[in-house]
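Undergrad: Sharing a structure with you now.
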Amino acid sequence: MTTERHEVDLAIIGAGPAGLYAAYYAGFRGLTTAILDSLPEPGGQVTALYPEKLIYDVAGFPAIKGQELIDNLVEQAGQYDPVYVLNHRAEDLEEQAGGGFLIRTHRGTEVAAKAVLITGGIGTFTPRPLPDGEEFEGRGLVYFVPKLEVMRDKDVLIVGGGDSAFDWATNLEDVARSITLIHRRDRFRAHEDTVQKVMDSSVRVMTFTEVANIRGEDGVESVTVFNNQTDERETLKVQAVVAALGFKSDLGPLKSWDIEIDGRHVHVDTRMETNVDGVFAAGDITEYEGKVRLISVGFGEAATAVNNAAVHIDPEARVFPGHSSG
Ligand SMILES: Cc1cc2nc3c(=O)[nH]c(=O)nc-3n(C[C@H](O)[C@H](O)[C@H](O)COP(=O)(O)OP(=O)(O)OC[C@H]3O[C@@H](n4cnc5c(N)ncnc54)[C@H](O)[C@@H]3O)c2cc1C
C-alpha cells in the first residue's frame, strides 16, 4: 500500500473558522496549504454544533447563519486551492532533520510542511455514538446535518434531548416529511422556548423512549423504539436518523507533542508562535493573558500567525503582507 503524501508550505491542523481563514491568508501570501480535520466536513464547532444558528458578532455581517459563514470561508480559501485532508486526525508531529515538519494522520497519510499552524479549537470531536448504530453510519444515520436539503421529504427520527436535538427538529420541520423526536427522559436540556416551539409544531415528541434496533437493506428503513418505563414497542418507518447525543472533545494526540500545553490550550507569543520554532497556533486553542474565545478573535490570530509563518518559511519575507484590496 502506498502512503498518501502531501508537500506544502503550511500545514493547518483544524478546519474550523480560524483554520479556513488561515488557508485563505496563506494563499494570499503565496503559500501552499493542506488543511487536516478529523471531521468529514470543514467548519469546526460551527458546522458540527450550530450550522443553522444566526451569528451576530462576526465583523461585517449583522447576522449570518453558521453554515453560510463556513461556506463563505471555504469559498474564500478556495481561491488558492488548499488540499483538504478530511476525516483524518493529525496524530504525530515530527521535526525533520533538514528543517520543516512531518505530520502523520491516524490513517497513515503524511503531510510534509515547512511550518505548522494548529487551529484545533477545543480538540477533536467524537460524536457520542448511538448504541448499535455503527452499521448505519453514513447510510441514513448521521450525527449532524451540515445541509438540511439532504433530509428533504424524508421521515426523520431525532434522538436526544438537548439544544442540538431540538434545533434540528425546528430547522428540519419545513424540509422533512415527518419528524419524530425521542428522548430517554421526560426532561430536556434544551432552551425552554425551543422546546415549546417544538411542542407546538408538527414534530412528534416521545419521552422515556430509546432505540431498540435499526433495520434496513441499503440504508435505514425503520427503527423500533421502546418506552423504558413500560417496555412498549413501536416500529417507525424512517429513512434518516439524527443522533444528537452530544460530542466529546479532546485535545488527544496534541498532548503528546512537544508544544507547551496548559490544560486544553496551547501557549503562544505575540506572533502566535508556540514554544516550538515554526509551529504556530490560532483560534480557540490558544492561551495568553486576556484571551477571548470568539470567531472574530480567531480570524485576527490566524492572520497574525500566517504572516509570521511566512517569515519563518522565507526569512526575506516581510511580516506585513500589504493590503489585499485590488
Ligand atoms: C453553541 C455555540 C455557539 C457559539 N456561538 C458563537 C457566536 O455567536 N460567536 C462567536 O464568535 N463564537 C461562537 N461560538 C464559539 C465559536 O464557535 C468558536 O470560537 C470557534 O468555532 C473557534 O474556531 P476554531 O477554528 O478556533 O476552532 P473549532 O471551530 O473548534 O475547529 C477546530 C477544528 O480542529 C479539528 N481538530 C482538532 N484537533 C485535531 C487533530 N488532532 N487532527 C485533525 N483535526 C483536529 C476539530 O475537528 C475541529 O473541526 C459558539 C460556540 C458554540 C459551541
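Chain labels A, B, ... are given in the sequence in which chains occur in the C-alpha cells; within each chain residues are numbered consecutively from 1, and ligands are likewise numbered from 1 in the order shown.
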Give the residue list for ligand 1 at 8 Å, counting only C-alpha atoms and all ligand atoms, as a PyMOL selection string, sorted by chain and then by residue number.

TA: chain A and resi 13-20+36-39+41-46+48-50+53-58+86-91+105+119-125+250-254+282-285+293-298

Undergrad: If you run DSSP over the backbone, which residues in segment 106-304 of chain A end up strand (DSSP E or B)? Put them as a ChimeraX atom specification.

TA: /A:110-118,124-127,137,141-142,155-159,178-182,204-206,209-215,222-227,233-237,240-243,247-250,261-262,265-267,273,279-281,286-287

Undergrad: Generate the output file for the selected residues, C-alpha atoms, as an mmCIF file, in the first residue's frame.

TA:
```
data_model
loop_
_atom_site.group_PDB
_atom_site.id
_atom_site.type_symbol
_atom_site.label_atom_id
_atom_site.label_comp_id
_atom_site.auth_asym_id
_atom_site.auth_seq_id
_atom_site.Cartn_x
_atom_site.Cartn_y
_atom_site.Cartn_z
ATOM 1 C CA GLU A 110 1.653 12.151 5.600
ATOM 2 C CA VAL A 111 1.832 15.914 5.250
ATOM 3 C CA ALA A 112 5.293 17.441 4.988
ATOM 4 C CA ALA A 113 5.331 21.182 5.678
ATOM 5 C CA LYS A 114 7.808 23.986 6.237
ATOM 6 C CA ALA A 115 5.666 25.367 9.072
ATOM 7 C CA VAL A 116 2.621 24.196 11.016
ATOM 8 C CA LEU A 117 -0.424 26.121 12.234
ATOM 9 C CA ILE A 118 -2.547 24.459 14.894
ATOM 10 C CA THR A 124 -11.148 16.550 18.087
ATOM 11 C CA PHE A 125 -14.854 15.962 18.337
ATOM 12 C CA THR A 126 -16.210 12.484 18.662
ATOM 13 C CA PRO A 127 -19.960 12.173 18.477
ATOM 14 C CA GLU A 137 -23.369 5.394 9.944
ATOM 15 C CA LEU A 141 -27.591 7.579 10.462
ATOM 16 C CA VAL A 142 -25.841 10.919 10.981
ATOM 17 C CA ASP A 155 -39.230 10.722 7.585
ATOM 18 C CA VAL A 156 -36.640 11.619 10.198
ATOM 19 C CA LEU A 157 -36.045 10.288 13.688
ATOM 20 C CA ILE A 158 -34.103 12.592 16.015
ATOM 21 C CA VAL A 159 -32.599 11.068 19.142
ATOM 22 C CA SER A 178 -42.212 13.950 9.173
ATOM 23 C CA ILE A 179 -40.138 14.255 12.322
ATOM 24 C CA THR A 180 -40.206 12.167 15.465
ATOM 25 C CA LEU A 181 -38.019 13.187 18.391
ATOM 26 C CA ILE A 182 -37.304 10.640 21.095
ATOM 27 C CA ARG A 204 -43.969 14.087 17.390
ATOM 28 C CA VAL A 205 -42.126 14.035 20.724
ATOM 29 C CA MET A 206 -41.834 10.700 22.586
ATOM 30 C CA THR A 209 -38.149 6.400 24.642
ATOM 31 C CA GLU A 210 -34.981 4.747 23.321
ATOM 32 C CA VAL A 211 -33.876 2.967 20.163
ATOM 33 C CA ALA A 212 -34.222 -0.823 20.273
ATOM 34 C CA ASN A 213 -32.902 -1.501 16.765
ATOM 35 C CA ILE A 214 -32.459 -0.064 13.306
ATOM 36 C CA ARG A 215 -33.408 -2.082 10.229
ATOM 37 C CA SER A 222 -37.269 1.518 10.040
ATOM 38 C CA VAL A 223 -36.404 1.970 13.683
ATOM 39 C CA THR A 224 -38.013 0.131 16.549
ATOM 40 C CA VAL A 225 -38.217 2.223 19.696
ATOM 41 C CA PHE A 226 -39.243 1.219 23.207
ATOM 42 C CA ASN A 227 -40.610 3.019 26.228
ATOM 43 C CA ARG A 233 -42.511 -1.041 21.439
ATOM 44 C CA GLU A 234 -43.289 0.722 18.209
ATOM 45 C CA THR A 235 -41.697 0.461 14.772
ATOM 46 C CA LEU A 236 -41.298 3.793 12.994
ATOM 47 C CA LYS A 237 -40.836 3.923 9.228
ATOM 48 C CA ALA A 240 -32.948 9.004 8.385
ATOM 49 C CA VAL A 241 -31.804 9.064 11.997
ATOM 50 C CA VAL A 242 -30.098 12.106 13.547
ATOM 51 C CA ALA A 243 -28.344 11.011 16.734
ATOM 52 C CA PHE A 247 -19.927 15.365 21.272
ATOM 53 C CA LYS A 248 -16.894 14.564 23.375
ATOM 54 C CA SER A 249 -13.961 16.823 22.689
ATOM 55 C CA ASP A 250 -10.380 16.039 23.490
ATOM 56 C CA ILE A 261 0.051 22.963 26.687
ATOM 57 C CA ASP A 262 -1.857 24.336 29.636
ATOM 58 C CA HIS A 265 -4.805 25.208 25.443
ATOM 59 C CA VAL A 266 -1.545 25.982 23.666
ATOM 60 C CA HIS A 267 0.693 28.819 24.840
ATOM 61 C CA GLU A 273 4.134 31.008 17.750
ATOM 62 C CA VAL A 279 4.759 25.745 14.959
ATOM 63 C CA PHE A 280 2.079 28.412 15.302
ATOM 64 C CA ALA A 281 -1.442 28.317 16.754
ATOM 65 C CA THR A 286 -4.511 29.453 22.049
ATOM 66 C CA GLU A 287 -3.783 30.741 25.514
#
```

Undergrad: Between A:Glu95, A:Glu316, A:Glu4, A:Glu289, which residue has the minimum interatomic distance to Arg107 of chain A, considering only C-alpha atoms?

TA: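 Ranked by minimum distance to Arg107 of chain A, first place goes to A:Glu4.
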
Undergrad: So, counting only C-alpha atoms, which residue among A:Val195, A:Thr274, A:Arg5, A:Gln79 is closest to Tyr25 of chain A?

TA: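 That would be A:Gln79, the residue with the smallest distance to Tyr25 of chain A.
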
Undergrad: DSSP says alpha helix (DSSP H) for which residues of segment 10-219 of chain A? Put them as a PyMOL selection string?

TA: chain A and resi 17-28+44-49+66-78+163-172+192-199

Undergrad: Write the selection just made, keeping N, CA and C atoms, as a tab-separated table (two decimals), in the first residue's frame?

TA:
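The file below, selection.tsv, is the result:
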```
chain	number	residue	atom	x	y	z
A	17	PRO	N	-13.35	27.83	11.72
A	17	PRO	CA	-13.23	29.17	11.13
A	17	PRO	C	-11.80	29.69	11.10
A	18	ALA	N	-11.04	29.47	12.17
A	18	ALA	CA	-9.67	30.01	12.21
A	18	ALA	C	-8.80	29.33	11.14
A	19	GLY	N	-8.91	28.01	11.02
A	19	GLY	CA	-8.10	27.27	10.04
A	19	GLY	C	-8.46	27.63	8.61
A	20	LEU	N	-9.76	27.79	8.35
A	20	LEU	CA	-10.20	28.13	6.98
A	20	LEU	C	-9.72	29.52	6.60
A	21	TYR	N	-9.84	30.46	7.55
A	21	TYR	CA	-9.39	31.81	7.24
A	21	TYR	C	-7.87	31.82	7.05
A	22	ALA	N	-7.17	31.02	7.85
A	22	ALA	CA	-5.71	30.93	7.72
A	22	ALA	C	-5.34	30.41	6.33
A	23	ALA	N	-6.15	29.47	5.80
A	23	ALA	CA	-5.85	28.91	4.47
A	23	ALA	C	-5.98	30.00	3.41
A	24	TYR	N	-7.02	30.86	3.55
A	24	TYR	CA	-7.13	31.99	2.62
A	24	TYR	C	-5.87	32.86	2.75
A	25	TYR	N	-5.55	33.20	4.00
A	25	TYR	CA	-4.48	34.17	4.22
A	25	TYR	C	-3.14	33.64	3.73
A	26	ALA	N	-2.92	32.34	3.94
A	26	ALA	CA	-1.67	31.74	3.48
A	26	ALA	C	-1.60	31.79	1.95
A	27	GLY	N	-2.73	31.53	1.30
A	27	GLY	CA	-2.77	31.60	-0.17
A	27	GLY	C	-2.44	33.02	-0.63
A	28	PHE	N	-3.01	33.99	0.06
A	28	PHE	CA	-2.76	35.40	-0.25
A	28	PHE	C	-1.27	35.73	-0.12
A	44	GLY	N	-15.55	23.10	11.74
A	44	GLY	CA	-15.31	23.01	13.19
A	44	GLY	C	-16.59	23.02	14.01
A	45	GLN	N	-16.55	23.73	15.12
A	45	GLN	CA	-17.70	23.77	16.03
A	45	GLN	C	-18.95	24.31	15.33
A	46	VAL	N	-18.74	25.24	14.39
A	46	VAL	CA	-19.90	25.90	13.77
A	46	VAL	C	-20.73	24.87	12.99
A	47	THR	N	-20.07	24.10	12.14
A	47	THR	CA	-20.79	23.10	11.34
A	47	THR	C	-21.30	21.96	12.21
A	48	ALA	N	-20.49	21.56	13.18
A	48	ALA	CA	-20.86	20.39	13.98
A	48	ALA	C	-21.96	20.71	14.99
A	49	LEU	N	-21.95	21.92	15.53
A	49	LEU	CA	-22.85	22.19	16.65
A	49	LEU	C	-23.97	23.18	16.37
A	66	GLY	N	-24.56	30.12	10.68
A	66	GLY	CA	-23.28	29.45	10.88
A	66	GLY	C	-22.75	28.82	9.60
A	67	GLN	N	-23.59	28.00	8.96
A	67	GLN	CA	-23.10	27.27	7.78
A	67	GLN	C	-22.79	28.21	6.62
A	68	GLU	N	-23.54	29.32	6.57
A	68	GLU	CA	-23.28	30.29	5.49
A	68	GLU	C	-21.91	30.93	5.69
A	69	LEU	N	-21.57	31.22	6.94
A	69	LEU	CA	-20.25	31.78	7.22
A	69	LEU	C	-19.17	30.79	6.79
A	70	ILE	N	-19.39	29.52	7.12
A	70	ILE	CA	-18.39	28.50	6.76
A	70	ILE	C	-18.30	28.36	5.24
A	71	ASP	N	-19.46	28.33	4.55
A	71	ASP	CA	-19.43	28.23	3.08
A	71	ASP	C	-18.64	29.39	2.49
A	72	ASN	N	-18.82	30.59	3.05
A	72	ASN	CA	-18.07	31.76	2.56
A	72	ASN	C	-16.57	31.60	2.79
A	73	LEU	N	-16.22	31.07	3.98
A	73	LEU	CA	-14.80	30.89	4.29
A	73	LEU	C	-14.16	29.86	3.36
A	74	VAL	N	-14.93	28.79	3.08
A	74	VAL	CA	-14.42	27.74	2.16
A	74	VAL	C	-14.21	28.35	0.77
A	75	GLU	N	-15.18	29.19	0.35
A	75	GLU	CA	-15.06	29.82	-0.97
A	75	GLU	C	-13.86	30.78	-1.01
A	76	GLN	N	-13.70	31.53	0.07
A	76	GLN	CA	-12.59	32.49	0.12
A	76	GLN	C	-11.24	31.76	0.08
A	77	ALA	N	-11.12	30.68	0.86
A	77	ALA	CA	-9.88	29.90	0.87
A	77	ALA	C	-9.68	29.20	-0.47
A	78	GLY	N	-10.81	28.82	-1.10
A	78	GLY	CA	-10.78	28.03	-2.35
A	78	GLY	C	-10.07	28.74	-3.49
A	163	ASP	N	-30.04	20.95	23.19
A	163	ASP	CA	-30.25	22.02	22.22
A	163	ASP	C	-30.14	21.53	20.78
A	164	SER	N	-29.12	20.69	20.51
A	164	SER	CA	-28.93	20.25	19.11
A	164	SER	C	-30.15	19.50	18.62
A	165	ALA	N	-30.65	18.56	19.43
A	165	ALA	CA	-31.80	17.75	19.01
A	165	ALA	C	-32.99	18.66	18.68
A	166	PHE	N	-33.25	19.62	19.58
A	166	PHE	CA	-34.41	20.50	19.36
A	166	PHE	C	-34.18	21.48	18.22
A	167	ASP	N	-32.92	21.93	18.06
A	167	ASP	CA	-32.62	22.82	16.92
A	167	ASP	C	-32.83	22.09	15.61
A	168	TRP	N	-32.35	20.82	15.53
A	168	TRP	CA	-32.56	20.05	14.29
A	168	TRP	C	-34.06	19.90	14.02
A	169	ALA	N	-34.81	19.66	15.09
A	169	ALA	CA	-36.26	19.47	14.91
A	169	ALA	C	-36.90	20.72	14.32
A	170	THR	N	-36.57	21.91	14.87
A	170	THR	CA	-37.20	23.13	14.34
A	170	THR	C	-36.71	23.41	12.93
A	171	ASN	N	-35.40	23.20	12.70
A	171	ASN	CA	-34.85	23.55	11.38
A	171	ASN	C	-35.30	22.59	10.28
A	172	LEU	N	-35.57	21.34	10.67
A	172	LEU	CA	-35.94	20.35	9.64
A	172	LEU	C	-37.46	20.30	9.40
A	192	GLU	N	-35.84	26.51	26.96
A	192	GLU	CA	-37.28	26.30	27.13
A	192	GLU	C	-38.09	26.77	25.93
A	193	ASP	N	-37.68	27.92	25.34
A	193	ASP	CA	-38.51	28.43	24.24
A	193	ASP	C	-38.41	27.54	23.00
A	194	THR	N	-37.22	26.89	22.81
A	194	THR	CA	-37.10	25.98	21.66
A	194	THR	C	-37.96	24.73	21.90
A	195	VAL	N	-37.93	24.27	23.16
A	195	VAL	CA	-38.74	23.08	23.49
A	195	VAL	C	-40.21	23.40	23.22
A	196	GLN	N	-40.64	24.58	23.68
A	196	GLN	CA	-42.04	24.96	23.49
A	196	GLN	C	-42.40	25.03	22.01
A	197	LYS	N	-41.48	25.60	21.22
A	197	LYS	CA	-41.70	25.73	19.78
A	197	LYS	C	-41.92	24.34	19.14
A	198	VAL	N	-41.09	23.39	19.58
A	198	VAL	CA	-41.20	22.03	19.02
A	198	VAL	C	-42.50	21.38	19.49
A	199	MET	N	-42.85	21.59	20.76
A	199	MET	CA	-44.08	21.01	21.30
A	199	MET	C	-45.31	21.54	20.54
```

Undergrad: Work out how far apart atom CA of Gly99 of chain A and atom CA of Asn275 of chain A are and give it in Å to one decimal.

TA: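 Taking atom CA of Gly99 of chain A and atom CA of Asn275 of chain A, their separation equals 15.9 Å.
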